[in-house]
Amino acid sequence: MVESMTKNIILDLDTGVDDALAIAYALGSPELKLIGITGTYGNVLMQTGMDNDLAILDLLGAPDVPVFPGIPHAQESDDFEVLEISKFIHGKDGVGEVDIKASDRKPEDTDAVDFMIESVKKYGDDLVIVATGPMTNLAAAIRKDPTFKDNANIVIMGGALVTPGNVNAWTEANISQDPEAANELFRSGAKVTMIGLDVTLQTLLTYKETQQWRDLGTQAGTFLADMTDFYIKAYETTAPHLGGCGLHDPLAVAVAVDPSLVTCLDINMKVDVEGPTRGRTIGDETRLNDPEKTMKVAVGVDVDRFLKEFMSRITSVAESK
Ligand code: RIB
Ligand code: CA
């Protein structure tokens, strides 16, 4: 039997500028087949994020990819409100307050958690789930289907092991939205690769690169450039020492395509859910000596190779649309 060269991928997104770039990266990767996007909350309300997903899929020439509604707030909360800092970084609409034509399509009736569970059953090792928002949908899938954790391959953007957080000294934004869900995922025994701030803040984009998309003279190129410039500008205020914006979510997709882009520490992790360090991602002392390590935490990244892949894949999507 000839082994299929393409891997199915589900993106679990709170779209968001870098989530939008993650969609573009996935669509620009011939190794991947994007079988669906599942909605979560964070940078924006879940509904806004799904509207962005549908509009971006249309713009980038993928109007058949379905979008599934997830859980719109943290598991221990009844609702969710977008933080002012998220509006500052991603814009009130999540896409840098840049015009994009709304899609005629609507999200599916099937919910995100069921779609993830069914897809893992159907594709097994030929599927990777990349989550770049809070882990609420993944934790719900683990709770709903006892076989999910044993069969799912998961890459997340979230957390920080050896660098400070971006919400406070120890908490990264995606984890901070729902620490209980992330802790459930981390301690479940599921195969998870954590792409945290340790590596994503080493992969930076500047106006020089976005100008290359603008120079394509296409609708998609102009949209991606203008949207990303809003995000770079926000980083000039929130993290001026970096000299660019963090490519958090696209790096997680890139690792799903090519794990050799990062070097990882094999370690069983947990998330602090109580006390002053709530939201901290750290080694789980109760499972530190387990011979089996189910998580990999990226601690090094081949920055040059990733940036080259990033530019060529996104440009390939933007140049024809
Ligand atoms: O901390 C960065 C993460 O938080 C990214 O996924 C960004 O999109 C936001 O969700
Ligand atoms: Ca995100």
# chains A, B, ... in the order shown; residues from 1 in each chain; ligands from 1
call {"tool": "residues_around", "arguments": {"residues": "Ile129 (chain A)", "least_positions_apart": "2", "cutoff": "6 Å", "atoms": "only C-alpha atoms", "output": "list in words"}}
result
Ile9, Ile10 and Ile154 of chain A
call {"tool": "closest_atom_pairs", "arguments": {"of": "chain A", "to": "ligand 2", "cutoff": "10 Å", "atoms": "only C-alpha atoms and all ligand atoms", "output": "Markdown table"}}
result
| residue | atom | partner | partner_atom_place_in_ligand_line | distance |
| --- | --- | --- | --- | --- |
| A:Asp12 | CA | ligand 2 | 1 (Ca) | 8.7 |
| A:Leu13 | CA | ligand 2 | 1 (Ca) | 5.8 |
| A:Asp14 | CA | ligand 2 | 1 (Ca) | 5.1 |
| A:Thr15 | CA | ligand 2 | 1 (Ca) | 6.1 |
| A:Gly16 | CA | ligand 2 | 1 (Ca) | 5.9 |
| A:Val17 | CA | ligand 2 | 1 (Ca) | 7.8 |
| A:Asp18 | CA | ligand 2 | 1 (Ca) | 6.2 |
| A:Asp19 | CA | ligand 2 | 1 (Ca) | 4.9 |
| A:Ala20 | CA | ligand 2 | 1 (Ca) | 8.6 |
| A:Leu21 | CA | ligand 2 | 1 (Ca) | 9.8 |
| A:Ala22 | CA | ligand 2 | 1 (Ca) | 8.8 |
| A:Thr40 | CA | ligand 2 | 1 (Ca) | 9.2 |
| A:Tyr41 | CA | ligand 2 | 1 (Ca) | 9.0 |
| A:Gly42 | CA | ligand 2 | 1 (Ca) | 7.3 |
| A:Asn43 | CA | ligand 2 | 1 (Ca) | 6.7 |
| A:Val44 | CA | ligand 2 | 1 (Ca) | 9.5 |
| A:Gly49 | CA | ligand 2 | 1 (Ca) | 9.9 |
| A:His90 | CA | ligand 2 | 1 (Ca) | 9.9 |
| A:Ala131 | CA | ligand 2 | 1 (Ca) | 8.0 |
| A:Thr132 | CA | ligand 2 | 1 (Ca) | 4.3 |
| A:Gly133 | CA | ligand 2 | 1 (Ca) | 4.4 |
| A:Pro134 | CA | ligand 2 | 1 (Ca) | 8.0 |
| A:Ile156 | CA | ligand 2 | 1 (Ca) | 9.8 |
| A:Met157 | CA | ligand 2 | 1 (Ca) | 7.5 |
| A:Gly158 | CA | ligand 2 | 1 (Ca) | 8.6 |
| A:Ala173 | CA | ligand 2 | 1 (Ca) | 8.7 |
| A:Asn174 | CA | ligand 2 | 1 (Ca) | 7.0 |
| A:His248 | CA | ligand 2 | 1 (Ca) | 7.6 |
| A:Asp249 | CA | ligand 2 | 1 (Ca) | 5.9 |
| A:Pro250 | CA | ligand 2 | 1 (Ca) | 9.4 |
call {"tool": "write_last_selection", "arguments": {"atoms": "N, CA, C and O atoms", "output": "compact mmCIF listing (two decimals), in the first residue's frame"}}
result
# COMPACT_ATOMS: atom_id res chain seq x y z
N ASP A 12 -7.55 24.55 15.75
CA ASP A 12 -8.47 25.01 16.80
C ASP A 12 -8.04 26.44 17.15
O ASP A 12 -7.02 26.65 17.81
N LEU A 13 -8.83 27.43 16.70
CA LEU A 13 -8.32 28.81 16.64
C LEU A 13 -9.20 29.84 17.35
O LEU A 13 -10.42 29.70 17.38
N ASP A 14 -8.53 30.90 17.83
CA ASP A 14 -9.24 32.09 18.35
C ASP A 14 -8.83 33.27 17.44
O ASP A 14 -8.11 34.17 17.85
N THR A 15 -9.23 33.24 16.24
CA THR A 15 -8.65 34.06 15.14
C THR A 15 -8.92 35.56 15.26
O THR A 15 -9.98 36.04 14.95
N GLY A 16 -7.97 36.30 15.58
CA GLY A 16 -6.60 36.60 15.82
C GLY A 16 -5.65 36.64 14.63
O GLY A 16 -5.72 35.85 13.72
N VAL A 17 -4.76 37.71 14.67
CA VAL A 17 -3.82 37.91 13.55
C VAL A 17 -2.92 36.70 13.33
O VAL A 17 -2.80 36.21 12.20
N ASP A 18 -2.27 36.22 14.40
CA ASP A 18 -1.33 35.11 14.15
C ASP A 18 -2.07 33.80 13.88
O ASP A 18 -1.55 32.92 13.18
N ASP A 19 -3.31 33.68 14.37
CA ASP A 19 -4.13 32.52 13.98
C ASP A 19 -4.42 32.59 12.47
O ASP A 19 -4.42 31.56 11.79
N ALA A 20 -4.71 33.81 11.98
CA ALA A 20 -4.96 33.97 10.53
C ALA A 20 -3.72 33.55 9.74
O ALA A 20 -3.83 32.89 8.69
N LEU A 21 -2.55 33.92 10.25
CA LEU A 21 -1.31 33.50 9.56
C LEU A 21 -1.13 31.99 9.64
O LEU A 21 -0.56 31.37 8.73
N ALA A 22 -1.62 31.39 10.73
CA ALA A 22 -1.55 29.93 10.85
C ALA A 22 -2.43 29.27 9.78
O ALA A 22 -2.06 28.23 9.20
N THR A 40 -12.70 28.65 18.91
CA THR A 40 -12.60 28.89 20.34
C THR A 40 -12.57 30.41 20.55
O THR A 40 -12.70 31.18 19.60
N TYR A 41 -12.45 30.82 21.79
CA TYR A 41 -12.50 32.24 22.17
C TYR A 41 -11.11 32.66 22.66
O TYR A 41 -10.28 31.80 22.97
N GLY A 42 -10.88 33.95 22.77
CA GLY A 42 -9.58 34.39 23.31
C GLY A 42 -9.23 35.76 22.79
O GLY A 42 -9.59 36.78 23.38
N ASN A 43 -8.57 35.80 21.63
CA ASN A 43 -8.26 37.09 21.01
C ASN A 43 -9.55 37.86 20.71
O ASN A 43 -9.56 39.10 20.68
N VAL A 44 -10.60 37.09 20.41
CA VAL A 44 -11.92 37.64 20.05
C VAL A 44 -12.98 36.71 20.63
O VAL A 44 -12.66 35.62 21.12
N GLY A 49 -14.29 35.04 15.82
CA GLY A 49 -13.18 34.22 15.32
C GLY A 49 -13.64 33.33 14.16
O GLY A 49 -12.93 33.20 13.15
N HIS A 90 -4.64 42.61 18.47
CA HIS A 90 -5.22 42.00 17.26
C HIS A 90 -6.26 42.87 16.57
O HIS A 90 -6.76 42.50 15.51
N ALA A 131 -3.76 23.39 18.18
CA ALA A 131 -4.61 24.30 18.96
C ALA A 131 -3.82 25.56 19.30
O ALA A 131 -2.74 25.48 19.88
N THR A 132 -4.36 26.71 18.92
CA THR A 132 -3.62 27.96 19.13
C THR A 132 -4.45 28.99 19.90
O THR A 132 -4.22 30.18 19.79
N GLY A 133 -5.40 28.48 20.67
CA GLY A 133 -6.17 29.32 21.59
C GLY A 133 -6.25 28.58 22.92
O GLY A 133 -5.44 27.69 23.19
N PRO A 134 -7.21 28.91 23.77
CA PRO A 134 -7.39 28.16 25.02
C PRO A 134 -7.66 26.68 24.72
O PRO A 134 -8.15 26.34 23.65
N ILE A 156 0.27 22.23 20.45
CA ILE A 156 -0.39 23.45 20.94
C ILE A 156 0.58 24.63 20.89
O ILE A 156 1.79 24.47 21.05
N MET A 157 0.02 25.82 20.62
CA MET A 157 0.76 27.04 20.92
C MET A 157 0.23 27.49 22.27
O MET A 157 -0.95 27.79 22.43
N GLY A 158 1.14 27.53 23.25
CA GLY A 158 0.73 27.97 24.57
C GLY A 158 1.82 27.68 25.58
O GLY A 158 2.67 26.83 25.36
N ALA A 173 -0.81 33.71 27.39
CA ALA A 173 -2.21 34.10 27.17
C ALA A 173 -3.16 32.91 26.94
O ALA A 173 -4.24 32.85 27.55
N ASN A 174 -2.81 31.97 26.08
CA ASN A 174 -3.74 30.88 25.80
C ASN A 174 -4.01 30.02 27.04
O ASN A 174 -5.12 29.56 27.27
N HIS A 248 3.67 33.24 16.76
CA HIS A 248 3.30 32.13 17.65
C HIS A 248 2.59 30.99 16.91
O HIS A 248 3.06 29.86 16.87
N ASP A 249 1.41 31.32 16.37
CA ASP A 249 0.53 30.25 15.87
C ASP A 249 1.04 29.58 14.58
O ASP A 249 0.97 28.35 14.46
N PRO A 250 1.61 30.36 13.63
CA PRO A 250 2.16 29.66 12.46
C PRO A 250 3.31 28.73 12.81
O PRO A 250 3.50 27.70 12.14
call {"tool": "closest_residue", "arguments": {"among": "A:Gln177, A:Thr6, A:Thr203, A:Ser316", "to": "Val303 (chain A)", "atoms": "only C-alpha atoms"}}
result
A:Thr203
call {"tool": "residues_around", "arguments": {"residues": "Leu265 (chain A)", "least_positions_apart": "4", "cutoff": "8 Å", "atoms": "only C-alpha atoms", "output": "PyMOL selection string"}}
result
chain A and resi 296-299
call {"tool": "write_last_selection", "arguments": {"atoms": "all heavy atoms", "output": "tab-separated table (two decimals), in the first residue's frame"}}
result
chain	number	residue	atom	x	y	z
A	296	LYS	N	6.19	16.87	24.80
A	296	LYS	CA	7.45	17.44	24.32
A	296	LYS	C	7.30	18.94	24.42
A	296	LYS	O	6.29	19.49	23.97
A	296	LYS	CB	7.69	17.07	22.85
A	296	LYS	CG	8.00	15.60	22.65
A	296	LYS	CD	8.26	15.31	21.17
A	296	LYS	CE	8.53	13.84	20.93
A	296	LYS	NZ	9.71	13.33	21.64
A	297	VAL	N	8.30	19.59	24.97
A	297	VAL	CA	8.24	21.05	25.09
A	297	VAL	C	9.38	21.63	24.25
A	297	VAL	O	10.56	21.31	24.48
A	297	VAL	CB	8.38	21.50	26.55
A	297	VAL	CG1	8.40	23.02	26.65
A	297	VAL	CG2	7.25	20.93	27.40
A	298	ALA	N	9.03	22.45	23.27
A	298	ALA	CA	10.06	23.02	22.39
A	298	ALA	C	10.89	24.05	23.17
A	298	ALA	O	10.34	24.97	23.78
A	298	ALA	CB	9.41	23.67	21.17
A	299	VAL	N	12.21	23.85	23.13
A	299	VAL	CA	13.10	24.79	23.83
A	299	VAL	C	14.11	25.43	22.86
A	299	VAL	O	14.85	26.32	23.24
A	299	VAL	CB	13.84	24.12	25.01
A	299	VAL	CG1	12.88	23.84	26.15
A	299	VAL	CG2	14.54	22.83	24.57
call {"tool": "select_by_dssp", "arguments": {"residues": "region 67-262 of chain A", "states": "strand (DSSP E or B)", "output": "VMD selection string"}}
result
chain A and resid 67 to 68 127 to 131 153 to 157 171 191 to 195 204 to 205 245 to 246 262
